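What follows is the content of start.cif (mmCIF, C-alpha atoms).
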data_entry
loop_
_atom_site.label_atom_id
_atom_site.label_comp_id
_atom_site.auth_asym_id
_atom_site.auth_seq_id
_atom_site.Cartn_x
_atom_site.Cartn_y
_atom_site.Cartn_z
CA MET A 5 12.89 74.69 99.74
CA THR A 6 10.17 76.89 98.26
CA ILE A 7 6.83 77.68 99.90
CA ARG A 8 3.83 76.97 97.69
CA ALA A 9 0.13 77.72 98.26
CA VAL A 10 -1.43 74.30 97.69
CA VAL A 11 -5.15 73.56 97.26
CA ARG A 12 -6.50 71.52 100.17
CA GLY A 13 -10.23 71.73 99.60
CA VAL A 14 -12.87 73.12 97.28
CA GLY A 15 -16.64 73.55 97.45
CA HIS A 16 -19.54 75.47 95.99
CA TYR A 17 -23.11 76.50 96.62
CA LEU A 18 -25.95 77.38 94.27
CA PRO A 19 -29.29 78.89 95.30
CA ALA A 20 -32.28 76.54 95.04
CA ARG A 21 -34.13 78.59 92.44
CA VAL A 22 -33.25 77.53 88.89
CA VAL A 23 -34.16 80.06 86.18
CA PRO A 24 -34.39 78.56 82.67
CA ASN A 25 -34.04 80.73 79.56
CA SER A 26 -37.76 80.36 78.90
CA GLU A 27 -38.52 82.49 81.97
CA PHE A 28 -37.03 85.53 80.23
CA GLU A 29 -39.37 85.12 77.26
CA THR A 30 -42.12 86.66 79.42
CA LEU A 31 -39.94 89.63 80.45
CA VAL A 32 -38.09 90.79 77.32
CA ASP A 33 -38.03 90.19 73.57
CA THR A 34 -35.89 87.05 73.58
CA THR A 35 -36.05 83.29 73.12
CA ASP A 36 -34.31 80.26 74.54
CA GLU A 37 -32.65 79.69 71.16
CA TRP A 38 -31.39 83.30 70.99
CA ILE A 39 -29.80 83.08 74.44
CA ARG A 40 -28.21 79.67 73.81
CA SER A 41 -26.79 80.60 70.42
CA ARG A 42 -25.17 83.81 71.66
CA SER A 43 -23.98 82.76 75.12
CA GLY A 44 -24.24 79.00 75.55
CA ILE A 45 -26.37 79.58 78.66
CA GLU A 46 -29.34 77.29 79.29
CA GLN A 47 -30.17 78.19 82.89
CA ARG A 48 -28.88 80.01 85.94
CA HIS A 49 -29.65 80.21 89.67
CA PHE A 50 -31.13 83.22 91.48
CA ALA A 51 -30.88 83.80 95.21
CA ALA A 52 -34.10 83.68 97.22
CA ASP A 53 -35.56 86.74 98.90
CA GLY A 54 -33.45 87.41 101.97
CA GLU A 55 -30.61 85.17 100.77
CA THR A 56 -27.45 87.28 100.69
CA THR A 57 -24.03 87.06 99.10
CA SER A 58 -22.49 86.18 102.48
CA ASP A 59 -25.07 83.38 102.89
CA LEU A 60 -23.94 81.90 99.57
CA GLY A 61 -20.29 82.39 100.47
CA ALA A 62 -20.71 80.76 103.88
CA ASN A 63 -22.36 77.68 102.37
CA ALA A 64 -19.54 77.33 99.83
CA ALA A 65 -16.99 77.83 102.61
CA LYS A 66 -18.53 75.04 104.68
CA ALA A 67 -18.42 72.73 101.66
CA ALA A 68 -14.73 73.52 101.11
CA LEU A 69 -13.92 72.93 104.78
CA ALA A 70 -15.68 69.54 104.62
CA ASP A 71 -13.75 68.65 101.46
CA ALA A 72 -10.47 69.57 103.18
CA GLY A 73 -11.34 67.84 106.45
CA MET A 74 -10.76 71.12 108.29
CA GLU A 75 -12.56 73.29 110.82
CA ALA A 76 -13.05 77.04 110.55
CA SER A 77 -10.56 77.46 113.41
CA ASP A 78 -7.87 75.97 111.15
CA LEU A 79 -8.02 79.02 108.86
CA ASP A 80 -5.86 82.11 109.25
CA ALA A 81 -7.66 84.30 106.73
CA ILE A 82 -10.57 84.66 104.31
CA VAL A 83 -10.24 86.60 101.07
CA LEU A 84 -13.64 87.03 99.42
CA ALA A 85 -14.11 88.33 95.87
CA THR A 86 -17.44 90.02 95.16
CA SER A 87 -19.06 93.04 93.54
CA THR A 88 -22.38 92.44 95.31
CA ALA A 89 -21.58 92.51 99.02
CA ASP A 90 -24.49 92.45 101.47
CA LEU A 91 -23.80 95.97 102.74
CA THR A 92 -21.55 98.91 101.88
CA PHE A 93 -19.64 97.80 104.97
CA PRO A 94 -18.58 95.70 106.77
CA SER A 95 -17.08 93.33 104.23
CA ALA A 96 -18.94 90.21 103.16
CA ALA A 97 -15.81 88.27 104.17
CA THR A 98 -16.24 89.22 107.83
CA MET A 99 -19.88 88.14 107.63
CA VAL A 100 -18.82 84.76 106.24
CA GLN A 101 -16.19 84.57 108.99
CA ALA A 102 -18.95 84.91 111.60
CA LYS A 103 -21.35 82.51 109.86
CA ILE A 104 -18.81 79.67 109.75
CA GLY A 105 -17.75 80.24 113.36
CA MET A 106 -14.25 81.52 112.66
CA THR A 107 -13.24 83.82 115.52
CA ASN A 108 -9.51 84.00 114.81
CA GLY A 109 -7.50 85.50 111.96
CA PHE A 110 -8.75 88.15 109.54
CA ALA A 111 -11.06 88.54 106.56
CA PHE A 112 -11.45 91.08 103.77
CA ASP A 113 -13.09 91.60 100.37
CA VAL A 114 -11.50 92.04 96.94
CA GLN A 115 -13.39 93.90 94.21
CA ALA A 116 -12.30 93.23 90.64
CA VAL A 117 -15.73 92.24 89.25
CA CYS A 118 -15.54 89.08 87.11
CA ALA A 119 -11.76 88.91 87.55
CA GLY A 120 -12.22 89.06 91.31
CA PHE A 121 -11.41 85.44 92.10
CA VAL A 122 -8.15 85.56 90.15
CA PHE A 123 -7.18 88.73 92.04
CA ALA A 124 -8.21 87.10 95.34
CA LEU A 125 -6.12 84.00 94.56
CA ALA A 126 -3.11 86.18 93.84
CA ASN A 127 -3.60 88.06 97.13
CA ALA A 128 -4.02 84.83 99.09
CA ASN A 129 -0.91 83.42 97.47
CA ALA A 130 1.03 86.54 98.48
CA LEU A 131 -0.20 86.24 102.08
CA ILE A 132 1.09 82.67 102.20
CA LEU A 133 4.42 83.39 100.51
CA SER A 134 5.06 86.32 102.85
CA GLY A 135 4.36 84.22 105.94
CA GLN A 136 1.34 86.33 106.93
CA ALA A 137 -0.93 83.27 106.81
CA LYS A 138 -0.59 79.51 106.48
CA ARG A 139 -4.15 78.59 105.51
CA VAL A 140 -6.36 80.95 103.51
CA MET A 141 -9.93 80.45 102.35
CA VAL A 142 -10.50 82.13 98.97
CA ILE A 143 -14.15 82.70 98.06
CA GLY A 144 -15.99 84.07 95.05
CA ALA A 145 -19.63 84.89 95.83
CA GLU A 146 -22.19 86.96 93.94
CA THR A 147 -25.87 87.87 93.81
CA PHE A 148 -25.79 89.59 90.43
CA SER A 149 -29.56 89.14 90.07
CA ARG A 150 -29.86 92.12 92.45
CA ILE A 151 -28.18 94.55 90.02
CA LEU A 152 -29.74 93.42 86.72
CA ASP A 153 -32.06 95.57 84.64
CA PHE A 154 -34.80 93.13 83.66
CA ASN A 155 -35.82 95.41 80.80
CA ASP A 156 -32.40 95.05 79.14
CA ARG A 157 -32.39 91.82 77.16
CA SER A 158 -28.71 92.14 76.29
CA THR A 159 -27.61 91.76 79.94
CA CYS A 160 -30.35 90.33 82.15
CA VAL A 161 -30.23 86.90 80.47
CA LEU A 162 -26.49 86.44 81.03
CA PHE A 163 -25.94 86.51 84.79
CA GLY A 164 -26.65 84.28 87.76
CA ASP A 165 -25.94 83.88 91.46
CA GLY A 166 -23.67 81.43 93.26
CA ALA A 167 -20.51 80.92 95.27
CA GLY A 168 -17.37 78.82 95.24
CA ALA A 169 -14.56 78.45 97.76
CA LEU A 170 -11.00 77.15 97.78
CA ILE A 171 -8.64 76.51 100.69
CA LEU A 172 -4.92 77.15 100.20
CA GLU A 173 -2.25 75.89 102.58
CA ALA A 174 1.45 76.72 102.82
CA THR A 175 3.47 73.66 101.80
CA GLU A 176 7.14 73.12 101.01
CA GLY A 177 7.97 72.50 97.35
CA GLN A 178 11.10 72.03 95.31
CA GLY A 179 10.78 75.34 93.51
CA THR A 180 10.11 73.74 90.12
CA SER A 181 7.12 73.68 87.77
CA ALA A 182 6.41 70.13 88.99
CA ASP A 183 5.39 71.46 92.42
CA GLN A 184 1.80 71.37 93.58
CA GLY A 185 0.17 74.72 94.28
CA ILE A 186 0.15 78.15 92.69
CA LEU A 187 3.09 78.42 90.28
CA SER A 188 2.49 81.92 88.87
CA THR A 189 0.04 84.81 88.71
CA ASP A 190 -0.50 87.64 86.23
CA LEU A 191 -2.76 90.64 86.92
CA HIS A 192 -3.76 93.69 84.85
CA SER A 193 -6.25 96.54 84.76
CA ASP A 194 -6.95 99.58 82.59
CA GLY A 195 -9.46 102.10 83.90
CA SER A 196 -9.78 103.83 80.54
CA TYR A 197 -12.18 101.04 79.55
CA ARG A 198 -14.57 101.76 82.43
CA ASP A 199 -17.59 102.49 80.25
CA LEU A 200 -17.50 99.06 78.58
CA LEU A 201 -18.79 97.30 81.70
CA TYR A 202 -20.01 99.07 84.81
CA VAL A 203 -22.90 99.63 87.23
CA ASP A 204 -24.65 102.98 86.96
CA GLY A 205 -24.94 103.60 90.69
CA GLY A 206 -22.91 103.78 93.87
CA VAL A 207 -22.54 105.31 97.31
CA SER A 208 -20.74 108.50 96.24
CA THR A 209 -22.66 109.07 93.00
CA THR A 210 -26.35 108.11 93.05
CA GLY A 211 -26.64 106.68 96.52
CA THR A 212 -28.20 103.57 94.97
CA SER A 213 -26.89 100.18 93.95
CA GLY A 214 -27.64 100.87 90.26
CA HIS A 215 -27.88 98.44 87.34
CA LEU A 216 -25.30 96.63 85.26
CA ARG A 217 -24.49 98.18 81.87
CA MET A 218 -22.33 96.55 79.22
CA GLN A 219 -21.11 97.10 75.66
CA GLY A 220 -21.10 93.42 74.83
CA ASN A 221 -19.33 93.52 71.48
CA GLN A 222 -16.45 95.59 72.84
CA VAL A 223 -16.09 93.41 75.93
CA PHE A 224 -15.99 90.31 73.72
CA ARG A 225 -13.22 91.77 71.57
CA HIS A 226 -11.05 92.66 74.55
CA ALA A 227 -11.82 89.41 76.38
CA VAL A 228 -10.49 86.93 73.83
CA GLU A 229 -7.31 88.90 73.18
CA LYS A 230 -6.50 89.77 76.79
CA LEU A 231 -7.39 86.40 78.29
CA ALA A 232 -5.16 84.45 75.89
CA GLU A 233 -2.34 86.95 76.43
CA THR A 234 -2.46 86.82 80.24
CA ALA A 235 -2.67 83.01 80.22
CA HIS A 236 0.42 82.77 78.00
CA THR A 237 2.26 85.24 80.26
CA ALA A 238 1.42 83.27 83.40
CA LEU A 239 2.55 80.03 81.76
CA ASP A 240 5.80 81.68 80.68
CA LYS A 241 6.40 82.85 84.26
CA ALA A 242 6.00 79.26 85.43
CA GLY A 243 8.34 77.95 82.73
CA LEU A 244 5.49 76.09 81.05
CA GLY A 245 3.57 76.17 77.78
CA PRO A 246 0.07 75.38 76.43
CA GLY A 247 1.09 71.78 75.81
CA ASP A 248 1.62 71.30 79.55
CA VAL A 249 -1.94 72.37 80.42
CA ASP A 250 -4.35 69.67 81.56
CA TRP A 251 -7.29 72.00 82.09
CA ILE A 252 -8.21 75.58 81.38
CA VAL A 253 -10.74 76.66 84.00
CA PRO A 254 -11.94 80.00 82.60
CA HIS A 255 -14.33 82.64 83.80
CA GLN A 256 -17.69 81.36 82.60
CA ALA A 257 -19.02 84.44 80.82
CA ASN A 258 -19.88 83.28 77.33
CA ILE A 259 -19.18 80.06 75.44
CA ARG A 260 -17.89 82.01 72.44
CA ILE A 261 -15.30 83.81 74.60
CA ILE A 262 -14.29 80.49 76.16
CA GLU A 263 -13.91 78.86 72.74
CA GLY A 264 -12.07 81.84 71.27
CA THR A 265 -9.59 81.96 74.15
CA ALA A 266 -8.93 78.22 74.00
CA LYS A 267 -8.30 78.48 70.25
CA ARG A 268 -5.80 81.30 70.72
CA MET A 269 -4.06 79.27 73.40
CA GLN A 270 -4.03 76.22 71.10
CA VAL A 271 -5.75 74.11 73.74
CA PRO A 272 -8.63 71.86 72.58
CA MET A 273 -12.07 72.35 74.13
CA GLU A 274 -11.82 68.80 75.51
CA ARG A 275 -9.35 70.27 78.02
CA VAL A 276 -11.59 73.17 79.09
CA VAL A 277 -13.94 72.96 82.08
CA VAL A 278 -17.26 74.44 80.97
CA THR A 279 -20.18 75.16 83.30
CA VAL A 280 -21.66 78.31 81.73
CA GLN A 281 -24.65 76.34 80.40
CA ASP A 282 -25.81 75.56 83.95
CA HIS A 283 -24.82 78.68 85.90
CA GLY A 284 -24.63 81.60 83.48
CA ASN A 285 -22.11 84.30 84.32
CA THR A 286 -21.69 84.32 88.10
CA SER A 287 -18.90 86.92 87.97
CA ALA A 288 -16.30 86.35 90.70
CA ALA A 289 -17.97 83.05 91.65
CA SER A 290 -17.63 81.43 88.24
CA ILE A 291 -14.06 80.09 88.47
CA PRO A 292 -14.35 78.53 91.95
CA LEU A 293 -17.73 77.10 90.95
CA ALA A 294 -16.12 75.55 87.88
CA LEU A 295 -13.20 74.22 89.92
CA SER A 296 -15.54 72.56 92.39
CA VAL A 297 -17.80 71.13 89.68
CA GLY A 298 -14.78 70.02 87.65
CA LYS A 299 -13.43 68.09 90.63
CA ALA A 300 -16.86 66.58 91.36
CA ARG A 301 -17.17 65.45 87.73
CA GLY A 302 -13.83 63.68 87.97
CA GLN A 303 -12.21 66.00 85.44
CA ILE A 304 -9.71 67.71 87.76
CA LYS A 305 -7.34 65.31 89.50
CA THR A 306 -4.32 65.59 91.79
CA GLY A 307 -1.26 66.63 89.81
CA ASP A 308 -3.19 68.26 86.96
CA LEU A 309 -1.89 71.59 85.68
CA LEU A 310 -4.62 74.23 85.56
CA VAL A 311 -4.83 77.71 84.07
CA THR A 312 -7.58 80.00 85.36
CA GLU A 313 -8.23 83.29 83.59
CA ALA A 314 -10.86 86.01 83.83
CA ILE A 315 -11.75 89.50 82.69
CA GLY A 316 -14.24 91.92 84.22
CA GLY A 317 -15.21 95.53 84.68
CA GLY A 318 -12.40 97.99 85.06
CA LEU A 319 -11.32 96.53 82.75
CA SER A 320 -9.52 94.12 85.05
CA TRP A 321 -8.06 90.81 83.92
CA GLY A 322 -5.56 88.18 84.92
CA SER A 323 -4.67 84.52 85.26
CA VAL A 324 -3.25 81.98 87.69
CA VAL A 325 -1.32 78.80 86.90
CA LEU A 326 -1.58 76.11 89.56
CA ARG A 327 -0.97 72.42 89.94
CA TRP A 328 -3.83 70.64 91.69
#
Please render this file's structure as structure tokens.
Amino acid sequence: MTIRAVVRGVGHYLPARVVPNSEFETLVDTTDEWIRSRSGIEQRHFAADGETTSDLGANAAKAALADAGMEASDLDAIVLATSTADLTFPSAATMVQAKIGMTNGFAFDVQAVCAGFVFALANANALILSGQAKRVMVIGAETFSRILDFNDRSTCVLFGDGAGALILEATEGQGTSADQGILSTDLHSDGSYRDLLYVDGGVSTTGTSGHLRMQGNQVFRHAVEKLAETAHTALDKAGLGPGDVDWIVPHQANIRIIEGTAKRMQVPMERVVVTVQDHGNTSAASIPLALSVGKARGQIKTGDLLVTEAIGGGLSWGSVVLRW
């Protein structure tokens, strides 16, 4: 028998404040039409004053626990992906651990920017396959509104806040591509592309949190190519192909990147879960948000084969193939 990390529950949380594109028309030289045509985004959510990344993550975690019919004490570990943790330390994961009443096990953060949730899934899968944990909560949570430069129209209109959570449980499978659970992972990074997407501050440089900076055209070019490539690699590892895919659940950065990647993968947009119009780019939170929304919509069903893929600062990118 083969151990698989199988999804047992999923949930998400969005801050109450909804920010439509029109709100940016009073801040920078932009329009609703300009934002929609270039990104597909119609609105996003911003965290309230005093509402932290761990608050968002804890709410998503509680939703996932309810979906799974589990208690916090049933978990062995929390792996939380974020680039906007509450504090330099301790980790946001340990703060979520406390807020959901989990006093056992362990919790830690993963930082791979927009690819963070894919990296966190791969780490959680490894914990389960190694026997280190049997049930792992994987969370993506971000408050990117706190690092935006609201004078930069090329970036401030793209990002939002939110959180999503997934519970994985060790389950015996047959060791074939028909198994439920994570079937393969594929991770990459290349630090030589650092200046394409970064934050211009940090503890050991400026002593400040800084603001997000991005060379959008260059990121777009790398995104479509690298996302399709990593998705194909992950499918190959699982002994599967694009024709086997029920749903692509991509990082929700930009509708043109999503469409371009799906085209390269030869998967029709009807088989892509899209939420970017409602949430904007929520970085590490975007894939678990889309998974939770996709399930709630009735799109994602038990037995469906999913491919998740993401690219973020670093550059870091990767994909996961899993059967729901």
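Distance check against Ile315 in chain A using all atoms listed in the file: of A:Ala182, A:Cys160, A:Val122, A:Val140, the minimum falls on A:Val122.
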*asked:* Show me, as a PyMOL selection string, the residues that have an atom within 6 Å of Ile171 in chain A when counting only C-alpha atoms, minus same-chain residues fewer than 5 positions from it.
replied: chain A and resi 11-13+140-141
For the residues selected in the previous step, produce a file with C-alpha atoms as a tab-separated table (two decimals), in the coordinates of the input.
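selection.tsv, written as the output of this step:
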chain	number	residue	atom	x	y	z
A	11	VAL	CA	-5.15	73.56	97.26
A	12	ARG	CA	-6.50	71.52	100.17
A	13	GLY	CA	-10.23	71.73	99.60
A	140	VAL	CA	-6.36	80.95	103.51
A	141	MET	CA	-9.93	80.45	102.35
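Between CA of Leu201 in chain A and CA of Glu229 in chain A there is a distance of 16.6 Å.
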_Running the PyMOL selection byres ((chain A and resi 202) around 9) on this model by hand, what would come out? Give it as a PyMOL selection string._
chain A and resi 198-201+203-205+215-218+317-318
_Who sits within 10 Å of Gly307 in chain A, only C-alpha atoms, same chain under 5 positions skipped, as number ranges by chain_ = A: 182-185, 250, 326-328
*Determine the residue set returned by the PyMOL selection byres ((chain A and resi 290-306) around 6) for the present structure, and present it as a ChimeraX atom specification.*
/A:14-16,168-169,255-256,286-289,307-308,328
